[in-house]
Amino acid sequence: MHRPHIRTVALAVAVATAVTALAGPALAAPAGGQGHTVSSAGTSTDSVVAAAGAAAFAHASATGLTQGDELRARDVLLDPEGARHVRFIRTHRGLPVLGGDLVVHLDRQLRYTGVTRAAGHTVRPAATRAALTPGQAASRAASAAHGEAGTARLVVDARRGASALAYEVRVTAPATTGSGGSRTVVVDAVTGEVRSDMPDRDGFLSPRLVETLRRRGETLDPVTGNTPRPAALAATRSAAAAGYPRTATGTGSSLFVGKVSLTTTQTAIKTFLLKDPSRYGTETRDARNKPLENFARGTKFTSTTDKWGNGAVSSRASAAVDAQYGITRTLDFYKKSFGRKGIKNNGKGAQAMVHFGNKVANAFWDPACTCMLYGDGDGGMFKKPLVALDVTGHELTHGVVDATAGLEPTFVDSAGNQYGEPGSLNESLADIFGSGVEFHANNPKNPPNYLIGEKLGLAQKFLRRLDRPSLDRLEGAIDYWSPEVYFTEVHAGSGVSSHAYYLLAEGSGSKRIGAVTYNSPTYDGLPVKGIGRTKATAVFYRALTRYMVSTTDFHDARVATLKAAKDLYGATGTEYKAVDRAWAAVNVTAANAPAAGR
């Protein structure tokens with residue numbers, strides 16, 4: 001089940017302005033196979049998309065495009081220093097191509113400078129007609145995922161080194177909702193083989209971790225440190241005040257971060273809504289312990305006092321305070337650090353539902369809902385809702401990854417555990433930026449650190465850590481790359497790039513930051529000097545948004561971060577050299593890159 005390791009060949013420069021959620025016309029190669037056809041409205045963004053599409057077809061030997069391919073822009077980044085990057089999704093003869101994404105890079109004059117592509121082969125399936133009917137494919141998918149299949153649609157599956165005509169089917173049912181969620185199943189349209197069966201959402205706690213905790217008899221009972229407060233008196237406001245709705249400032253008593261200020265919406269003289277108009281209308285609702293995947297069906301949190309929660313689970317609003325606080329701080333981190341406006345960079349708010357499902361012991365970013373979902377715990381092994389700050393930062397970063405590179409696991413086992421380097425990199429980036437959210441929030445009730453899940457009440461005091469991932473004995477995280485990483489569960493495999501990031505930020509050896517002592521080793525025993533958290537985070541974010549695609553592995557990520565460092569700090573700078581050194585320190589080098597087609 002090995003996939004080819006695609007090397008990237010892109011050049012560029014800078015920081016960024018973004019235009020996203022494009023819905024323009026498709027760009028296509030004409031019947032003669034020469035040139036391209038483009039419709040443009042004349043705006044600067046349209047011009048960039050048109051130029052990138054033209055370049056993609058003109059440089060087909062590099063981009064892998066062929067007769068019958070069409071491109072549609074998904075994202076455009078305009079760097080102030082001049083580089084332009086257009087992320088495309090592809091269709092082949094009108095069929096969506098799985099694993100066909102690519103990013104075309106241009107200079108200030110809109111000249112082609114390179115491409116980052118997911119598929120290293122021409123997308124041309126051997127079979128052009130399906131042997132299975134849509135109904136037969138849906139039946140196979142329902143049987144594989146143990147649920148109710150939706151409509152089967154024909155696609156080209158270009159993942160894992162070859163192209164095949166296939167059906168893609170979304171499967172939902174009682175057996176796959178609640179904590180499990182829907183699944184996307186891809187069935188070969190000729191042989192009927194199930195090519196992939198992937199969950200549409202990825203829980204913060206993996207099935208393997210849950211089984212390990214159960215086997216050890218360990219429970220998660222986080223110490224919140226908050227005591228219930230008496231109900232506040234109703235606020236008194238003049239009816240002659242400004243019109244409604246309007247922005248208000250309320251106070252929340254959370255489970256994990258103490259009392260916090262919340263920006264809310266006042267809709268009447270004594271009516272407030274847990275919705276933040278200053279952050280694109282970001283809102284948290286109550287799923288009422290139902291497995292809802294539709295935010296509109298959630299129950300709104302309202303208050304007559306603009307006081308929310310009581311610091312304990314006895315108030316349903318307490319978990320909502322943590323969720324709303326975590327989401328708004330995550331949005332602030334991305335906006336103030338990178339200028340990113342919302343999870344999809346489209347100026348729209350994030351959404352969440354707490355009290356999701358019946359005894360659900362997990363938290364999720366749910367692409368079907370495009371929202372955060374938080375369970376209450378199962379009342380046994382998991383005692384409280386998973387609404388800690390770094391959990392929210394981690395899961396919302398999965399939303400950012402979905403909107404950019406779209407990194408996916410390579411395969412999933414029968415228990416739901418995910419494997420493969422792109423999936424491991426996805427988990428690593430979620431940990432890296434989740435930690436960044438903590439540092440940005442800098443809340444004394446939740447001191448920032450390079451630990452993940454330190455608020456969960458685990459015996460080892462954290463779930464994962466970035467400085468020396470192998471100190472995690474629960475998931476078996478690893479410090480260094482080896483060919484066996486391909487077969488490593490993604491949360492365990494995430495240690496490779498998380499360790500590289502920590503070394504880039506803070507360097508190797510012993511170091512105390514705040515209340516935590518770190519001691520980061522290196523594969524080759526040689527020291528690494530860090531460049532600081534701010535620069536390291538900027539390098540990884542730029543690499544994600546410009547130089548990573550759905551199949552990016554650790555060696556590709558090394559190339560992506562080197563390109564990002566070159567953009568930001570120059571190819572001869574200390575930062576560029578530090579990136580190369582950090583990856584070498586986790587045994588990811590140009591010399592040991594797996595051969596294409598492995």
# chains A, B, ... in the order shown; residues from 1 in each chain; ligands from 1

$ select_by_dssp --residues "stretch 292-373 of chain A" --states "strand (DSSP E or B)" --output "count of residues only"
17

$ select_by_dssp --residues "stretch 405-541 of chain A" --states "helix (DSSP H, G or I)" --output "PyMOL selection string"
chain A and resi 421-441+469-471+483-487+490-493+495-506+533-541

$ residues_around --residues "A:Asp332" --least-positions-apart "3" --cutoff "9 Å" --atoms "only C-alpha atoms" --output "list in words"
Arg279, Ile327, Thr328, Arg329, Lys335, Lys336, Ser337, Arg340, Lys341, Gly342, Val437, His440 and Ala441 of chain A

$ residues_around --residues "A:Ala287" --least-positions-apart "5" --cutoff "6 Å" --atoms "only C-alpha atoms" --output "compact mmCIF listing (two decimals) with N, CA, C and O atoms, in the first residue's frame"
# COMPACT_ATOMS: atom_id res chain seq x y z
N GLY A 298 -28.39 22.97 16.51
CA GLY A 298 -27.96 23.13 17.90
C GLY A 298 -28.77 24.21 18.61
O GLY A 298 -29.30 25.13 17.98
N MET A 353 -20.27 22.95 18.86
CA MET A 353 -21.36 22.42 19.67
C MET A 353 -20.76 21.60 20.80
O MET A 353 -19.95 20.69 20.57
N VAL A 354 -21.15 21.94 22.02
CA VAL A 354 -20.76 21.17 23.20
C VAL A 354 -21.89 20.20 23.55
O VAL A 354 -22.98 20.28 22.99
N HIS A 355 -21.59 19.27 24.47
CA HIS A 355 -22.57 18.25 24.88
C HIS A 355 -23.03 17.45 23.66
O HIS A 355 -24.23 17.20 23.45
N PHE A 356 -22.05 17.06 22.85
CA PHE A 356 -22.34 16.33 21.63
C PHE A 356 -22.49 14.84 21.91
O PHE A 356 -21.62 14.21 22.51

$ closest_residue --among "A:Thr251, A:Thr410, A:Asn446, A:Thr63" --to "A:Ser196" --atoms "only C-alpha atoms"
A:Thr410

$ atom_distance --atom1 "atom CA of A:Met548" --atom2 "atom CA of A:Ser435"
20.6 Å

$ residues_around --residues "stretch 258-271 of chain A" --least-positions-apart "5" --cutoff "6 Å" --atoms "only C-alpha atoms" --output "PyMOL selection string"
chain A and resi 244-253+276+303-304

$ write_last_selection --atoms "N, CA, C and O atoms" --output "compact mmCIF listing (two decimals), in the first residue's frame"
# COMPACT_ATOMS: atom_id res chain seq x y z
N TYR A 244 -30.37 47.12 18.89
CA TYR A 244 -29.94 45.73 18.95
C TYR A 244 -30.06 45.10 17.56
O TYR A 244 -30.91 45.53 16.76
N PRO A 245 -29.26 44.06 17.29
CA PRO A 245 -28.23 43.48 18.15
C PRO A 245 -27.00 44.38 18.21
O PRO A 245 -26.74 45.15 17.27
N ARG A 246 -26.24 44.23 19.28
CA ARG A 246 -25.01 45.00 19.42
C ARG A 246 -23.98 44.18 20.18
O ARG A 246 -24.31 43.19 20.84
N THR A 247 -22.75 44.59 20.09
CA THR A 247 -21.64 43.89 20.73
C THR A 247 -21.65 44.18 22.23
O THR A 247 -21.82 45.33 22.65
N ALA A 248 -21.47 43.13 23.02
CA ALA A 248 -21.41 43.27 24.48
C ALA A 248 -20.19 42.52 25.01
O ALA A 248 -19.57 41.73 24.29
N THR A 249 -19.87 42.78 26.26
CA THR A 249 -18.76 42.09 26.90
C THR A 249 -19.27 41.36 28.13
O THR A 249 -19.74 42.00 29.09
N GLY A 250 -19.23 40.03 28.07
CA GLY A 250 -19.70 39.23 29.18
C GLY A 250 -18.57 38.56 29.93
O GLY A 250 -17.39 38.75 29.61
N THR A 251 -18.92 37.76 30.94
CA THR A 251 -17.93 37.04 31.74
C THR A 251 -18.31 35.57 31.79
O THR A 251 -19.47 35.23 32.02
N GLY A 252 -17.33 34.71 31.57
CA GLY A 252 -17.57 33.28 31.62
C GLY A 252 -16.77 32.63 32.72
O GLY A 252 -15.62 33.00 32.97
N SER A 253 -17.38 31.68 33.41
CA SER A 253 -16.68 30.85 34.41
C SER A 253 -16.51 29.46 33.78
O SER A 253 -17.48 28.72 33.63
N ASP A 276 -19.92 35.82 18.98
CA ASP A 276 -18.95 36.91 18.99
C ASP A 276 -18.97 37.65 17.66
O ASP A 276 -18.40 37.18 16.66
N SER A 303 -28.49 34.20 27.75
CA SER A 303 -28.39 34.62 29.15
C SER A 303 -29.10 35.95 29.34
O SER A 303 -29.15 36.77 28.42
N THR A 304 -29.63 36.16 30.53
CA THR A 304 -30.24 37.46 30.84
C THR A 304 -29.24 38.40 31.49
O THR A 304 -29.53 39.59 31.69

$ residues_around --residues "A:Thr224" --least-positions-apart "2" --cutoff "8 Å" --atoms "only C-alpha atoms" --output "PyMOL selection string"
chain A and resi 222+226+255-257

$ residues_around --residues "stretch 479-487 of chain A" --least-positions-apart "4" --cutoff "10 Å" --atoms "only C-alpha atoms" --output "ChimeraX atom specification"
/A:1-3,409-411,418-424,466-471,492-500,520-523,553-555,583-589,592-594

$ closest_residue --among "A:Ser206, A:Ser550, A:Glu454, A:Ala56" --to "A:Ala158" --atoms "only C-alpha atoms"
A:Ser550

$ closest_residue --among "A:Ala137, A:Leu95, A:Ala50, A:Ala430" --to "A:Val400" --atoms "only C-alpha atoms"
A:Ala430

$ closest_residue --among "A:Glu211, A:Asp376, A:Glu70, A:Asp202" --to "A:Glu408" --atoms "only C-alpha atoms"
A:Asp202

$ atom_distance --atom1 "atom CA of A:Lys307" --atom2 "atom CA of A:Pro444"
21.1 Å

$ atom_distance --atom1 "atom CA of A:Met198" --atom2 "atom CA of A:Gly416"
8.2 Å

$ closest_residue --among "A:Gly120, A:Gly181, A:Gly94, A:Gly380" --to "A:Gly64" --atoms "only C-alpha atoms"
A:Gly120
